[in-house]
$ cat target.cif   # mmCIF, C-alpha atoms and all ligand atoms
data_query
#
loop_
_atom_site.label_atom_id
_atom_site.label_comp_id
_atom_site.auth_asym_id
_atom_site.auth_seq_id
_atom_site.Cartn_x
_atom_site.Cartn_y
_atom_site.Cartn_z
CA MET N 274 105.50 148.30 -98.80
CA LYS N 275 106.44 148.78 -95.19
CA ILE N 276 107.78 146.15 -92.80
CA GLN N 277 108.02 146.44 -89.03
CA MET N 278 109.85 143.91 -86.89
CA MET N 279 109.10 143.06 -83.27
CA HIS N 280 110.99 140.70 -80.96
CA VAL N 281 108.39 138.68 -79.09
CA GLY N 282 108.29 135.88 -76.55
CA GLU N 283 110.95 134.24 -74.43
CA LEU N 284 113.03 133.08 -77.39
CA GLY N 285 113.13 136.52 -78.99
CA THR N 286 111.28 135.38 -82.08
CA ASN N 287 110.97 137.98 -84.82
CA CYS N 288 107.39 138.83 -85.67
CA TYR N 289 106.82 140.98 -88.75
CA LEU N 290 104.04 143.32 -89.70
CA LEU N 291 103.97 143.65 -93.49
CA GLU N 292 101.88 146.50 -94.84
CA ASP N 293 100.73 147.42 -98.29
CA GLU N 294 100.79 151.16 -97.81
CA ALA N 295 98.52 151.78 -100.81
CA THR N 296 95.56 149.98 -99.23
CA ARG N 297 96.66 149.74 -95.55
CA ALA N 298 96.21 145.97 -95.76
CA ALA N 299 98.59 144.11 -93.49
CA ALA N 300 99.92 140.62 -92.94
CA ILE N 301 101.33 139.31 -89.68
CA VAL N 302 104.23 136.94 -90.23
CA ASP N 303 104.85 134.59 -87.27
CA PRO N 304 102.95 136.21 -84.38
CA GLY N 305 105.13 134.48 -81.80
CA GLY N 306 103.65 134.72 -78.34
CA ALA N 307 102.27 138.21 -78.84
CA GLY N 308 99.12 138.10 -80.94
CA ASP N 309 97.28 140.81 -79.02
CA GLN N 310 100.26 143.13 -78.95
CA VAL N 311 100.89 142.83 -82.69
CA LEU N 312 97.24 143.35 -83.51
CA ALA N 313 97.10 146.43 -81.28
CA GLN N 314 100.14 147.83 -83.06
CA ALA N 315 98.58 147.24 -86.48
CA ARG N 316 95.29 148.81 -85.47
CA ALA N 317 96.90 151.80 -83.76
CA GLN N 318 98.54 152.58 -87.09
CA GLY N 319 95.30 152.22 -89.04
CA MET N 320 96.11 148.95 -90.77
CA GLU N 321 93.64 146.21 -91.49
CA VAL N 322 95.08 142.74 -90.91
CA LYS N 323 94.15 140.49 -93.82
CA LEU N 324 96.53 137.56 -93.53
CA ILE N 325 98.33 135.58 -90.83
CA LEU N 326 101.32 133.78 -92.30
CA LEU N 327 103.38 131.11 -90.56
CA THR N 328 106.88 130.25 -91.79
CA HIS N 329 106.64 127.02 -89.80
CA ALA N 330 104.77 125.58 -86.84
CA HIS N 331 107.25 125.78 -83.95
CA PHE N 332 105.61 127.13 -80.82
CA ASP N 333 107.76 130.24 -80.58
CA HIS N 334 106.38 131.36 -83.95
CA THR N 335 102.76 130.27 -83.52
CA GLY N 336 102.04 131.13 -79.87
CA GLY N 337 100.17 134.31 -80.78
CA VAL N 338 97.86 132.69 -83.31
CA ALA N 339 95.07 131.71 -80.91
CA ALA N 340 94.60 135.27 -79.64
CA LEU N 341 94.71 136.63 -83.17
CA HIS N 342 92.22 134.08 -84.41
CA LYS N 343 89.86 134.97 -81.58
CA ALA N 344 90.03 138.66 -82.47
CA LEU N 345 90.04 138.09 -86.25
CA PRO N 346 88.14 134.85 -86.87
CA GLU N 347 87.68 135.64 -90.56
CA VAL N 348 91.38 136.16 -91.29
CA PRO N 349 93.03 133.05 -92.76
CA VAL N 350 96.04 131.47 -91.05
CA TYR N 351 98.38 130.02 -93.66
CA LEU N 352 100.68 127.09 -92.89
CA HIS N 353 102.38 124.48 -95.06
CA PRO N 354 100.50 121.16 -94.80
CA ALA N 355 103.67 119.23 -93.87
CA ASP N 356 103.87 121.27 -90.66
CA ALA N 357 100.10 121.34 -90.16
CA ALA N 358 100.24 117.53 -90.07
CA LEU N 359 102.56 117.72 -87.04
CA LEU N 360 100.39 120.06 -84.95
CA GLY N 361 99.72 118.55 -81.57
CA THR N 362 103.10 116.82 -81.30
CA GLN N 363 106.30 117.74 -79.44
CA VAL N 364 107.54 121.19 -80.47
CA PHE N 365 104.44 121.75 -82.61
CA PRO N 366 101.64 122.42 -80.10
CA ALA N 367 98.10 123.00 -81.33
CA ILE N 368 97.70 126.62 -82.42
CA GLY N 369 94.04 127.22 -81.65
CA ALA N 370 92.98 128.05 -85.19
CA PRO N 371 92.26 126.19 -88.41
CA THR N 372 94.97 126.61 -91.02
CA VAL N 373 94.82 127.13 -94.76
CA PRO N 374 97.48 125.22 -96.68
CA TYR N 375 100.08 127.01 -98.78
CA GLY N 376 103.16 125.73 -100.46
CA GLU N 377 105.70 125.91 -103.23
CA GLY N 378 104.88 128.44 -105.92
CA ASP N 379 101.66 129.68 -104.36
CA THR N 380 101.01 133.40 -104.53
CA LEU N 381 99.00 135.48 -102.09
CA LYS N 382 97.63 138.96 -102.62
CA LEU N 383 97.94 141.58 -99.92
CA GLY N 384 96.34 144.73 -101.25
CA GLU N 385 98.53 145.53 -104.26
CA LEU N 386 101.40 143.33 -103.09
CA THR N 387 101.99 139.77 -104.23
CA LEU N 388 103.75 137.27 -101.99
CA THR N 389 105.32 134.12 -103.39
CA VAL N 390 105.79 131.01 -101.27
CA LEU N 391 109.01 128.98 -101.43
CA HIS N 392 108.92 125.59 -99.71
CA THR N 393 112.22 125.35 -97.82
CA PRO N 394 112.20 122.22 -95.65
CA GLY N 395 115.02 121.18 -93.35
CA HIS N 396 114.37 123.04 -90.10
CA THR N 397 110.87 121.59 -90.25
CA PRO N 398 109.25 119.56 -93.06
CA GLY N 399 106.83 122.36 -93.90
CA GLY N 400 109.09 125.36 -93.52
CA VAL N 401 108.53 128.12 -96.05
CA CYS N 402 110.16 131.39 -97.06
CA LEU N 403 108.06 134.25 -98.34
CA LEU N 404 109.15 136.57 -101.14
CA VAL N 405 107.55 139.98 -101.55
CA GLY N 406 109.15 142.80 -103.49
CA ASP N 407 112.76 143.03 -102.36
CA ALA N 408 112.07 141.27 -99.05
CA LEU N 409 112.56 137.62 -98.18
CA PHE N 410 111.08 136.28 -94.94
CA THR N 411 113.21 133.25 -94.08
CA GLY N 412 111.72 131.96 -90.83
CA ASP N 413 114.21 129.61 -89.19
CA THR N 414 115.70 128.47 -92.50
CA LEU N 415 118.33 131.20 -92.92
CA PHE N 416 119.70 133.50 -90.20
CA GLN N 417 122.31 136.20 -90.30
CA GLY N 418 125.53 134.17 -90.40
CA SER N 419 123.76 130.97 -89.52
CA MET N 420 120.91 128.61 -90.27
CA GLY N 421 118.12 126.92 -88.36
CA ARG N 422 118.63 123.84 -86.24
CA THR N 423 118.00 120.47 -87.84
CA ASP N 424 117.83 118.35 -84.69
CA PHE N 425 114.16 118.89 -83.89
CA ALA N 426 111.51 116.38 -84.95
CA GLY N 427 111.16 116.41 -88.72
CA GLY N 428 114.42 118.28 -89.26
CA SER N 429 116.94 117.32 -91.95
CA TYR N 430 120.43 118.70 -92.48
CA GLU N 431 120.43 117.59 -96.13
CA GLU N 432 117.09 119.22 -96.81
CA LEU N 433 118.13 122.44 -95.12
CA MET N 434 121.30 122.53 -97.19
CA ALA N 435 119.21 122.09 -100.34
CA SER N 436 116.92 124.89 -99.18
CA LEU N 437 119.86 127.21 -98.52
CA ARG N 438 121.27 126.38 -101.95
CA ARG N 439 117.98 127.28 -103.45
CA LEU N 440 117.80 130.60 -101.64
CA GLY N 441 121.40 131.35 -102.58
CA ARG N 442 120.58 130.81 -106.24
CA LEU N 443 117.69 133.24 -106.32
CA GLU N 444 118.46 135.98 -108.78
CA GLY N 445 119.53 139.30 -107.32
CA ASP N 446 119.61 140.57 -103.77
CA PHE N 447 116.94 140.69 -101.09
CA HIS N 448 116.52 142.02 -97.61
CA VAL N 449 116.54 138.87 -95.48
CA LEU N 450 114.09 138.95 -92.56
CA PRO N 451 114.74 135.90 -90.39
CA GLY N 452 112.81 134.33 -87.54
CA HIS N 453 115.49 135.16 -84.96
CA MET N 454 118.31 137.66 -84.52
CA GLY N 455 119.08 140.50 -86.88
CA THR N 456 118.16 141.19 -90.46
CA THR N 457 120.66 140.84 -93.28
CA THR N 458 120.79 140.64 -97.07
CA LEU N 459 120.99 137.62 -99.30
CA GLU N 460 124.18 138.93 -100.88
CA ALA N 461 125.86 139.33 -97.48
CA GLU N 462 124.92 135.75 -96.64
CA ARG N 463 126.23 134.46 -99.98
CA ARG N 464 129.53 136.20 -99.16
CA SER N 465 129.95 135.33 -95.50
CA ASN N 466 127.54 132.66 -94.25
CA TYR N 467 129.47 129.41 -93.78
CA TYR N 468 126.40 127.22 -94.15
CA MET N 469 125.21 128.94 -97.28
CA GLN N 470 128.67 128.62 -98.79
CA GLU N 471 128.72 124.92 -97.88
CA ALA N 472 125.31 124.55 -99.45
CA MET N 473 126.30 126.39 -102.63
CA GLY N 474 129.45 124.25 -102.98
ZN ZN S 1 111.74 126.92 -85.52
ZN ZN S 2 112.22 129.89 -84.07
#
$ encode --input "target.cif" --output "structure tokens" --more "lines below"
Ligand SMILES: [Zn+2]
Ligand SMILES: [Zn+2]
Amino acid sequence: MKIQMMHVGELGTNCYLLEDEATRAAAIVDPGGAGDQVLAQARAQGMEVKLILLTHAHFDHTGGVAALHKALPEVPVYLHPADAALLGTQVFPAIGAPTVPYGEGDTLKLGELTLTVLHTPGHTPGGVCLLVGDALFTGDTLFQGSMGRTDFAGGSYEELMASLRRLGRLEGDFHVLPGHMGTTTLEAERRSNYYMQEAMG
């Protein structure tokens, strides 16, 4: 498993290219505003993009979907239905592609890798985190030393706290790959993230 991170768009959203090195199958997590650029990077390295995965439907994470869908019309775009229902409103502009629903407990195959979906609402109603191997993609749910905002449409402080509690109680440690700012580990966040400590009581 290999993961590359790119900062894309005006808000510096983290886009990730997840590769199963055994089969060269790749997933793009949150293409931000840079669908073409991410696809070019994947192709230049000989990967075949099989999945487009959205942690949530905010525009800074989904802006690259339309270009990707145009280039890869057969590749599914996964999004939690609670966020899909908001597309076309406020901070959830239409993304220019049909979405395939995924949610709590679903698993997706990427070559020989298996991803597990955790529904973690609070930043948005349909926010998800994605677990694969020792990596945890947290979108805008958990950041290094912080958490996502809850003041956008559909946000909920209580739900986000419950989601952080849930992440904090996962067994073991994971590399945390958030939707903005730097990467961290779950253990570091358990030790030093104020919001996670609040959430864990
Ligand atoms: Zn967001
Ligand atoms: Zn964001």
$ residues_near_ligand --input "target.cif" --ligand "ligand ZN 2 (chain S)" --cutoff "10 Å" --atoms "all atoms listed in the file" --output "PyMOL selection string"
chain N and resi 284-287+303+305+328-335+396+412-414+421-422+451-454
$ atom_distance --input "target.cif" --atom1 "atom CA of N:Gly474" --atom2 "atom CA of N:Thr397"
22.7 Å
$ closest_residue --input "target.cif" --among "N:Glu347, N:Gly336, N:Glu471, N:Gly361" --to "ligand ZN 1 (chain S)" --atoms "only C-alpha atoms and all ligand atoms"
N:Gly336
$ closest_residue --input "target.cif" --among "N:Met278, N:Val364, N:Leu409, N:Val390" --to "N:Asp424" --atoms "only C-alpha atoms"
N:Val364
$ atom_distance --input "target.cif" --atom1 "atom CA of N:Val302" --atom2 "atom CA of N:Ala344"
16.3 Å
$ closest_residue --input "target.cif" --among "N:Gly418, N:Gly400, N:Pro349, N:Gly384" --to "ligand ZN 1 (chain S)" --atoms "all atoms listed in the file"
N:Gly400
$ atom_distance --input "target.cif" --atom1 "atom CA of N:Ala313" --atom2 "atom CA of N:Thr411"
24.4 Å
$ closest_residue --input "target.cif" --among "N:Leu327, N:Leu437, N:Val348, N:Thr457" --to "ligand ZN 1 (chain S)" --atoms "all atoms listed in the file"
N:Leu327
$ closest_residue --input "target.cif" --among "N:Ala435, N:Met420, N:Asp293, N:Val311" --to "N:Lys382" --atoms "only C-alpha atoms"
N:Asp293
$ closest_residue --input "target.cif" --among "N:Tyr467, N:Phe365, N:Tyr375, N:Phe416" --to "N:Leu352" --atoms "only C-alpha atoms"
N:Tyr375
$ residues_near_point --input "target.cif" --point "(128.5, 129.9, -98.8)" --cutoff "12 Å" --atoms "all atoms listed in the file" --output "list in words"
Leu415, Gly418, Ser419, Met420, Met434, Leu437, Arg438, Arg439, Leu440, Gly441, Arg442, Leu459, Glu460, Ala461, Glu462, Arg463, Arg464, Ser465, Asn466, Tyr467, Tyr468, Met469, Gln470, Glu471, Ala472, Met473 and Gly474 of chain N
$ write_last_selection --input "target.cif" --atoms "C-alpha atoms" --output "PDB file, in the frame of the given file"
ATOM      1  CA  LEU N 415     118.330 131.200 -92.920  1.00  0.00           C
ATOM      2  CA  GLY N 418     125.530 134.170 -90.400  1.00  0.00           C
ATOM      3  CA  SER N 419     123.760 130.970 -89.520  1.00  0.00           C
ATOM      4  CA  MET N 420     120.910 128.610 -90.270  1.00  0.00           C
ATOM      5  CA  MET N 434     121.300 122.530 -97.190  1.00  0.00           C
ATOM      6  CA  LEU N 437     119.860 127.210 -98.520  1.00  0.00           C
ATOM      7  CA  ARG N 438     121.270 126.380-101.950  1.00  0.00           C
ATOM      8  CA  ARG N 439     117.980 127.280-103.450  1.00  0.00           C
ATOM      9  CA  LEU N 440     117.800 130.600-101.640  1.00  0.00           C
ATOM     10  CA  GLY N 441     121.400 131.350-102.580  1.00  0.00           C
ATOM     11  CA  ARG N 442     120.580 130.810-106.240  1.00  0.00           C
ATOM     12  CA  LEU N 459     120.990 137.620 -99.300  1.00  0.00           C
ATOM     13  CA  GLU N 460     124.180 138.930-100.880  1.00  0.00           C
ATOM     14  CA  ALA N 461     125.860 139.330 -97.480  1.00  0.00           C
ATOM     15  CA  GLU N 462     124.920 135.750 -96.640  1.00  0.00           C
ATOM     16  CA  ARG N 463     126.230 134.460 -99.980  1.00  0.00           C
ATOM     17  CA  ARG N 464     129.530 136.200 -99.160  1.00  0.00           C
ATOM     18  CA  SER N 465     129.950 135.330 -95.500  1.00  0.00           C
ATOM     19  CA  ASN N 466     127.540 132.660 -94.250  1.00  0.00           C
ATOM     20  CA  TYR N 467     129.470 129.410 -93.780  1.00  0.00           C
ATOM     21  CA  TYR N 468     126.400 127.220 -94.150  1.00  0.00           C
ATOM     22  CA  MET N 469     125.210 128.940 -97.280  1.00  0.00           C
ATOM     23  CA  GLN N 470     128.670 128.620 -98.790  1.00  0.00           C
ATOM     24  CA  GLU N 471     128.720 124.920 -97.880  1.00  0.00           C
ATOM     25  CA  ALA N 472     125.310 124.550 -99.450  1.00  0.00           C
ATOM     26  CA  MET N 473     126.300 126.390-102.630  1.00  0.00           C
ATOM     27  CA  GLY N 474     129.450 124.250-102.980  1.00  0.00           C
TER      28      GLY N 474
END
